[in-house]
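Single-structure report; data block below.
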Amino acid sequence: MHLPVPPMAEVELGQVFRALADPLRRAVIAELAADAAGGERACSSFSMPVAKSTKTHHWRALREAGLIVQRDAGNGTFVRLRRAEFEQRFPGLLDVVQKLAGTDDIG
């Protein structure tokens with residue numbers, strides 16, 4: 001079951017920037033953007049040194065901003081970057097996020 005995401009036509013740049021303002025969320029998007037194949041990954045495969053409830057909040061912020069699609073598989077949740085749709089609506093933004101990812105101090 002896919003969790004709800006906004007249609008790409010309703011994705012607002014301001015909400016995207018708010019979602020990307022957090023360094024953990026930026027790191028997730030950069031990791032997903034680095035996968036040229038655009039594959040789906042388990043949410044648990046990302047390093048997020050925060051409580052489970054905080055992780056849930058981060059995933060929701062990214063999903064509601066329109067950056068990701070999440071799928072609940074019962075035994076886990078999986079995530080995929082909406083790369084093609086996002087690139088069409090905001091050309092080059094994901095590339096910038098990926099290039100700047102190494103400048104964040106998350107630790």
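So you can find residues: chains in the structure tokens are A, B, ... in the order shown, residues in each start at 1, and ligands are numbered from 1 in order.
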*Can you check which residues of chain A DSSP gives as alpha helix (DSSP H) on the backbone and send them as an MDAnalysis selection string?*
chainID A and resid 13:20 23:34 52:64 83:89 93:100
File of the preceding selection, N, CA and C atoms, as a short mmCIF file (atom, residue, chain, number, x, y, z; two decimals), in the first residue's frame:
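Output (again.cif):
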```cif
data_model
loop_
_atom_site.label_atom_id
_atom_site.label_comp_id
_atom_site.auth_asym_id
_atom_site.auth_seq_id
_atom_site.Cartn_x
_atom_site.Cartn_y
_atom_site.Cartn_z
N LEU A 13 7.33 24.70 -4.07
CA LEU A 13 8.76 24.83 -3.83
C LEU A 13 9.05 25.22 -2.38
N GLY A 14 8.23 26.06 -1.79
CA GLY A 14 8.44 26.45 -0.39
C GLY A 14 8.38 25.26 0.54
N GLN A 15 7.43 24.35 0.34
CA GLN A 15 7.33 23.17 1.18
C GLN A 15 8.52 22.24 0.94
N VAL A 16 8.96 22.15 -0.29
CA VAL A 16 10.14 21.35 -0.61
C VAL A 16 11.35 21.90 0.14
N PHE A 17 11.53 23.22 0.10
CA PHE A 17 12.66 23.84 0.82
C PHE A 17 12.55 23.61 2.32
N ARG A 18 11.34 23.68 2.86
CA ARG A 18 11.16 23.43 4.30
C ARG A 18 11.55 21.99 4.64
N ALA A 19 11.17 21.05 3.78
CA ALA A 19 11.53 19.64 4.02
C ALA A 19 13.04 19.46 3.93
N LEU A 20 13.67 20.14 2.99
CA LEU A 20 15.12 20.01 2.79
C LEU A 20 15.94 20.84 3.78
N PRO A 23 19.06 18.72 7.93
CA PRO A 23 20.20 18.00 7.36
C PRO A 23 19.99 16.50 7.23
N LEU A 24 19.23 15.88 8.12
CA LEU A 24 18.96 14.44 7.99
C LEU A 24 18.12 14.16 6.75
N ARG A 25 17.12 15.00 6.53
CA ARG A 25 16.27 14.81 5.35
C ARG A 25 17.03 15.10 4.07
N ARG A 26 17.89 16.12 4.10
CA ARG A 26 18.72 16.40 2.92
C ARG A 26 19.62 15.22 2.61
N ALA A 27 20.18 14.60 3.65
CA ALA A 27 21.07 13.45 3.45
C ALA A 27 20.30 12.29 2.82
N VAL A 28 19.08 12.06 3.25
CA VAL A 28 18.26 10.99 2.68
C VAL A 28 18.02 11.25 1.20
N ILE A 29 17.62 12.48 0.87
CA ILE A 29 17.35 12.81 -0.53
C ILE A 29 18.62 12.71 -1.36
N ALA A 30 19.74 13.15 -0.82
CA ALA A 30 21.01 13.04 -1.55
C ALA A 30 21.37 11.58 -1.81
N GLU A 31 21.15 10.72 -0.81
CA GLU A 31 21.42 9.29 -0.99
C GLU A 31 20.53 8.69 -2.06
N LEU A 32 19.26 9.03 -2.02
CA LEU A 32 18.34 8.52 -3.03
C LEU A 32 18.69 9.07 -4.41
N ALA A 33 19.08 10.34 -4.49
CA ALA A 33 19.43 10.96 -5.77
C ALA A 33 20.71 10.36 -6.35
N ALA A 34 21.58 9.86 -5.49
CA ALA A 34 22.83 9.26 -5.96
C ALA A 34 22.62 7.93 -6.67
N LYS A 52 12.46 6.57 16.82
CA LYS A 52 11.57 6.08 15.77
C LYS A 52 10.49 7.10 15.42
N SER A 53 9.94 7.76 16.43
CA SER A 53 8.89 8.75 16.18
C SER A 53 9.44 9.93 15.36
N THR A 54 10.69 10.28 15.60
CA THR A 54 11.31 11.36 14.83
C THR A 54 11.56 10.93 13.40
N LYS A 55 11.96 9.68 13.21
CA LYS A 55 12.13 9.15 11.85
C LYS A 55 10.81 9.23 11.10
N THR A 56 9.73 8.83 11.76
CA THR A 56 8.41 8.88 11.14
C THR A 56 8.09 10.31 10.71
N HIS A 57 8.41 11.26 11.56
CA HIS A 57 8.18 12.67 11.24
C HIS A 57 8.98 13.08 10.00
N HIS A 58 10.24 12.67 9.93
CA HIS A 58 11.09 13.02 8.78
C HIS A 58 10.52 12.42 7.49
N TRP A 59 10.13 11.16 7.54
CA TRP A 59 9.57 10.51 6.35
C TRP A 59 8.30 11.22 5.90
N ARG A 60 7.46 11.59 6.85
CA ARG A 60 6.21 12.28 6.51
C ARG A 60 6.51 13.64 5.87
N ALA A 61 7.47 14.37 6.42
CA ALA A 61 7.82 15.69 5.85
C ALA A 61 8.28 15.55 4.40
N LEU A 62 9.10 14.56 4.13
CA LEU A 62 9.59 14.35 2.76
C LEU A 62 8.45 13.92 1.83
N ARG A 63 7.59 13.06 2.32
CA ARG A 63 6.46 12.57 1.52
C ARG A 63 5.46 13.69 1.24
N GLU A 64 5.10 14.46 2.27
CA GLU A 64 4.13 15.53 2.09
C GLU A 64 4.67 16.67 1.24
N ARG A 83 12.07 11.05 -8.74
CA ARG A 83 13.10 11.74 -9.53
C ARG A 83 12.56 12.31 -10.84
N ALA A 84 11.97 11.50 -11.69
CA ALA A 84 11.55 11.97 -13.01
C ALA A 84 10.50 13.07 -12.90
N GLU A 85 9.52 12.86 -12.03
CA GLU A 85 8.47 13.86 -11.84
C GLU A 85 9.06 15.16 -11.28
N PHE A 86 9.97 14.99 -10.32
CA PHE A 86 10.55 16.14 -9.64
C PHE A 86 11.45 16.92 -10.59
N GLU A 87 12.21 16.20 -11.40
CA GLU A 87 13.11 16.84 -12.35
C GLU A 87 12.32 17.64 -13.38
N GLN A 88 11.16 17.14 -13.75
CA GLN A 88 10.33 17.86 -14.71
C GLN A 88 9.77 19.14 -14.10
N ARG A 89 9.37 19.08 -12.84
CA ARG A 89 8.76 20.25 -12.19
C ARG A 89 9.82 21.27 -11.72
N LEU A 93 17.18 20.74 -9.30
CA LEU A 93 17.19 20.89 -7.84
C LEU A 93 17.77 19.66 -7.14
N LEU A 94 17.40 18.48 -7.58
CA LEU A 94 17.93 17.27 -6.94
C LEU A 94 19.44 17.16 -7.13
N ASP A 95 19.94 17.59 -8.28
CA ASP A 95 21.39 17.58 -8.52
C ASP A 95 22.10 18.49 -7.53
N VAL A 96 21.52 19.66 -7.28
CA VAL A 96 22.11 20.60 -6.33
C VAL A 96 22.14 20.00 -4.93
N VAL A 97 21.02 19.40 -4.52
CA VAL A 97 20.95 18.77 -3.20
C VAL A 97 22.02 17.69 -3.08
N GLN A 98 22.15 16.88 -4.11
CA GLN A 98 23.15 15.80 -4.09
C GLN A 98 24.56 16.36 -4.02
N LYS A 99 24.87 17.39 -4.79
CA LYS A 99 26.22 17.96 -4.80
C LYS A 99 26.58 18.63 -3.48
N LEU A 100 25.59 19.21 -2.82
CA LEU A 100 25.86 19.90 -1.56
C LEU A 100 25.80 18.98 -0.34
#
```
Quick one: contact table of region 54-102 of chain A to region 3-7 of chain A, 8 Å max, nearest atom pair and distance in Å to one decimal per residue, counting only C-alpha atoms, chain and number order, as CSV?
```
residue,atom,partner,partner_atom,distance
A:Arg63,CA,A:Val5,CA,5.9
A:Glu64,CA,A:Val5,CA,5.8
A:Ala65,CA,A:Pro6,CA,7.6
A:Gly66,CA,A:Pro6,CA,5.8
A:Ile68,CA,A:Val5,CA,7.9
A:Val69,CA,A:Val5,CA,6.7
A:Gln70,CA,A:Leu3,CA,5.6
A:Arg71,CA,A:Leu3,CA,6.0
A:Asp72,CA,A:Leu3,CA,7.1
```
Please write the residues from the selection above to a file, keeping N, CA, C and O atoms, as an mmCIF file, in the first residue's frame.
```cif
data_model
loop_
_atom_site.group_PDB
_atom_site.id
_atom_site.type_symbol
_atom_site.label_atom_id
_atom_site.label_comp_id
_atom_site.auth_asym_id
_atom_site.auth_seq_id
_atom_site.Cartn_x
_atom_site.Cartn_y
_atom_site.Cartn_z
ATOM 1 N N ARG A 63 7.588 13.056 2.321
ATOM 2 C CA ARG A 63 6.456 12.566 1.525
ATOM 3 C C ARG A 63 5.460 13.693 1.238
ATOM 4 O O ARG A 63 5.040 13.881 0.108
ATOM 5 N N GLU A 64 5.101 14.455 2.265
ATOM 6 C CA GLU A 64 4.129 15.530 2.089
ATOM 7 C C GLU A 64 4.674 16.674 1.238
ATOM 8 O O GLU A 64 3.901 17.407 0.623
ATOM 9 N N ALA A 65 5.989 16.805 1.184
ATOM 10 C CA ALA A 65 6.607 17.808 0.313
ATOM 11 C C ALA A 65 6.647 17.325 -1.133
ATOM 12 O O ALA A 65 6.968 18.098 -2.032
ATOM 13 N N GLY A 66 6.328 16.053 -1.353
ATOM 14 C CA GLY A 66 6.291 15.501 -2.698
ATOM 15 C C GLY A 66 7.590 14.921 -3.192
ATOM 16 O O GLY A 66 7.701 14.523 -4.346
ATOM 17 N N ILE A 68 9.248 12.122 -2.090
ATOM 18 C CA ILE A 68 9.359 10.661 -2.077
ATOM 19 C C ILE A 68 7.990 10.005 -2.167
ATOM 20 O O ILE A 68 6.958 10.628 -1.916
ATOM 21 N N VAL A 69 8.026 8.733 -2.504
ATOM 22 C CA VAL A 69 6.871 7.850 -2.430
ATOM 23 C C VAL A 69 7.248 6.775 -1.429
ATOM 24 O O VAL A 69 8.360 6.230 -1.484
ATOM 25 N N GLN A 70 6.333 6.487 -0.507
ATOM 26 C CA GLN A 70 6.566 5.430 0.475
ATOM 27 C C GLN A 70 5.555 4.322 0.279
ATOM 28 O O GLN A 70 4.390 4.572 -0.026
ATOM 29 N N ARG A 71 6.032 3.100 0.486
ATOM 30 C CA ARG A 71 5.174 1.931 0.370
ATOM 31 C C ARG A 71 5.281 1.128 1.653
ATOM 32 O O ARG A 71 6.377 0.772 2.081
ATOM 33 N N ASP A 72 4.128 0.862 2.262
ATOM 34 C CA ASP A 72 4.077 0.044 3.470
ATOM 35 C C ASP A 72 3.905 -1.403 3.040
ATOM 36 O O ASP A 72 2.927 -1.743 2.371
#
```
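For the residues A:Leu67, A:Ala9, A:Val79, A:Met1, ranking by smallest atom-to-atom distance to Ser44 (chain A) using only C-alpha atoms places A:Val79 first.
Counting from CA of His2 (chain A), the distance to CA of Ala21 (chain A) is 24.9 Å.
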*asked:* Based on the backbone DSSP call, show me all residues of chain A assigned strand (DSSP E), as number ranges by chain.
replied: A: 41-42, 68-72, 77-81
Write the residues of the preceding selection, restricted to all heavy atoms, as a compact mmCIF listing (two decimals), in the first residue's frame.
```
# COMPACT_ATOMS: atom_id res chain seq x y z
N ARG A 41 14.21 1.62 -1.68
CA ARG A 41 15.03 1.18 -0.54
C ARG A 41 14.16 1.07 0.70
O ARG A 41 13.18 1.80 0.85
CB ARG A 41 16.13 2.18 -0.25
CG ARG A 41 17.28 2.06 -1.23
CD ARG A 41 18.45 2.92 -0.88
NE ARG A 41 18.91 2.85 0.50
CZ ARG A 41 19.84 3.64 1.00
NH1 ARG A 41 20.41 4.56 0.24
NH2 ARG A 41 20.23 3.54 2.25
N ALA A 42 14.59 0.20 1.58
CA ALA A 42 13.93 0.11 2.88
C ALA A 42 14.24 1.37 3.68
O ALA A 42 15.38 1.83 3.69
CB ALA A 42 14.42 -1.12 3.63
N ILE A 68 9.25 12.12 -2.09
CA ILE A 68 9.36 10.66 -2.08
C ILE A 68 7.99 10.01 -2.17
O ILE A 68 6.96 10.63 -1.92
CB ILE A 68 10.06 10.14 -0.80
CG1 ILE A 68 9.25 10.52 0.45
CG2 ILE A 68 11.50 10.64 -0.74
CD1 ILE A 68 9.71 9.84 1.72
N VAL A 69 8.03 8.73 -2.50
CA VAL A 69 6.87 7.85 -2.43
C VAL A 69 7.25 6.77 -1.43
O VAL A 69 8.36 6.23 -1.48
CB VAL A 69 6.56 7.20 -3.80
CG1 VAL A 69 5.46 6.17 -3.67
CG2 VAL A 69 6.19 8.26 -4.81
N GLN A 70 6.33 6.49 -0.51
CA GLN A 70 6.57 5.43 0.47
C GLN A 70 5.56 4.32 0.28
O GLN A 70 4.39 4.57 -0.03
CB GLN A 70 6.41 5.97 1.90
CG GLN A 70 7.67 6.45 2.51
CD GLN A 70 7.45 6.84 3.96
OE1 GLN A 70 6.61 7.68 4.25
NE2 GLN A 70 8.20 6.24 4.83
N ARG A 71 6.03 3.10 0.49
CA ARG A 71 5.17 1.93 0.37
C ARG A 71 5.28 1.13 1.65
O ARG A 71 6.38 0.77 2.08
CB ARG A 71 5.61 1.08 -0.82
CG ARG A 71 4.80 -0.16 -1.04
CD ARG A 71 5.24 -0.90 -2.29
NE ARG A 71 6.63 -1.34 -2.24
CZ ARG A 71 7.04 -2.50 -1.72
NH1 ARG A 71 6.18 -3.33 -1.17
NH2 ARG A 71 8.32 -2.82 -1.75
N ASP A 72 4.13 0.86 2.26
CA ASP A 72 4.08 0.04 3.47
C ASP A 72 3.90 -1.40 3.04
O ASP A 72 2.93 -1.74 2.37
CB ASP A 72 2.92 0.49 4.36
CG ASP A 72 2.89 -0.22 5.70
OD1 ASP A 72 3.81 -0.99 5.98
OD2 ASP A 72 1.93 0.01 6.45
N THR A 77 8.76 -0.51 5.64
CA THR A 77 8.34 0.56 4.75
C THR A 77 9.48 0.84 3.78
O THR A 77 10.65 0.83 4.16
CB THR A 77 8.02 1.83 5.57
OG1 THR A 77 7.08 1.49 6.59
CG2 THR A 77 7.42 2.91 4.70
N PHE A 78 9.10 1.06 2.54
CA PHE A 78 10.08 1.27 1.48
C PHE A 78 9.87 2.64 0.87
O PHE A 78 8.75 3.17 0.85
CB PHE A 78 9.96 0.17 0.43
CG PHE A 78 10.26 -1.19 0.99
CD1 PHE A 78 9.29 -1.93 1.63
CD2 PHE A 78 11.56 -1.69 0.92
CE1 PHE A 78 9.58 -3.16 2.18
CE2 PHE A 78 11.86 -2.92 1.47
CZ PHE A 78 10.87 -3.66 2.11
N VAL A 79 10.95 3.21 0.35
CA VAL A 79 10.92 4.58 -0.14
C VAL A 79 11.59 4.66 -1.51
O VAL A 79 12.52 3.91 -1.81
CB VAL A 79 11.60 5.53 0.87
CG1 VAL A 79 13.06 5.20 1.05
CG2 VAL A 79 11.42 6.97 0.49
N ARG A 80 11.08 5.58 -2.32
CA ARG A 80 11.63 5.84 -3.64
C ARG A 80 11.54 7.33 -3.91
O ARG A 80 10.55 7.98 -3.58
CB ARG A 80 10.84 5.06 -4.70
CG ARG A 80 11.20 5.38 -6.13
CD ARG A 80 10.33 4.64 -7.13
NE ARG A 80 8.92 4.98 -7.10
CZ ARG A 80 8.39 6.09 -7.64
NH1 ARG A 80 9.15 6.98 -8.22
NH2 ARG A 80 7.09 6.31 -7.59
N LEU A 81 12.57 7.89 -4.49
CA LEU A 81 12.60 9.30 -4.87
C LEU A 81 11.74 9.49 -6.12
O LEU A 81 11.80 8.69 -7.05
CB LEU A 81 14.05 9.72 -5.17
CG LEU A 81 14.31 11.17 -5.51
CD1 LEU A 81 13.96 12.08 -4.33
CD2 LEU A 81 15.77 11.35 -5.88
```
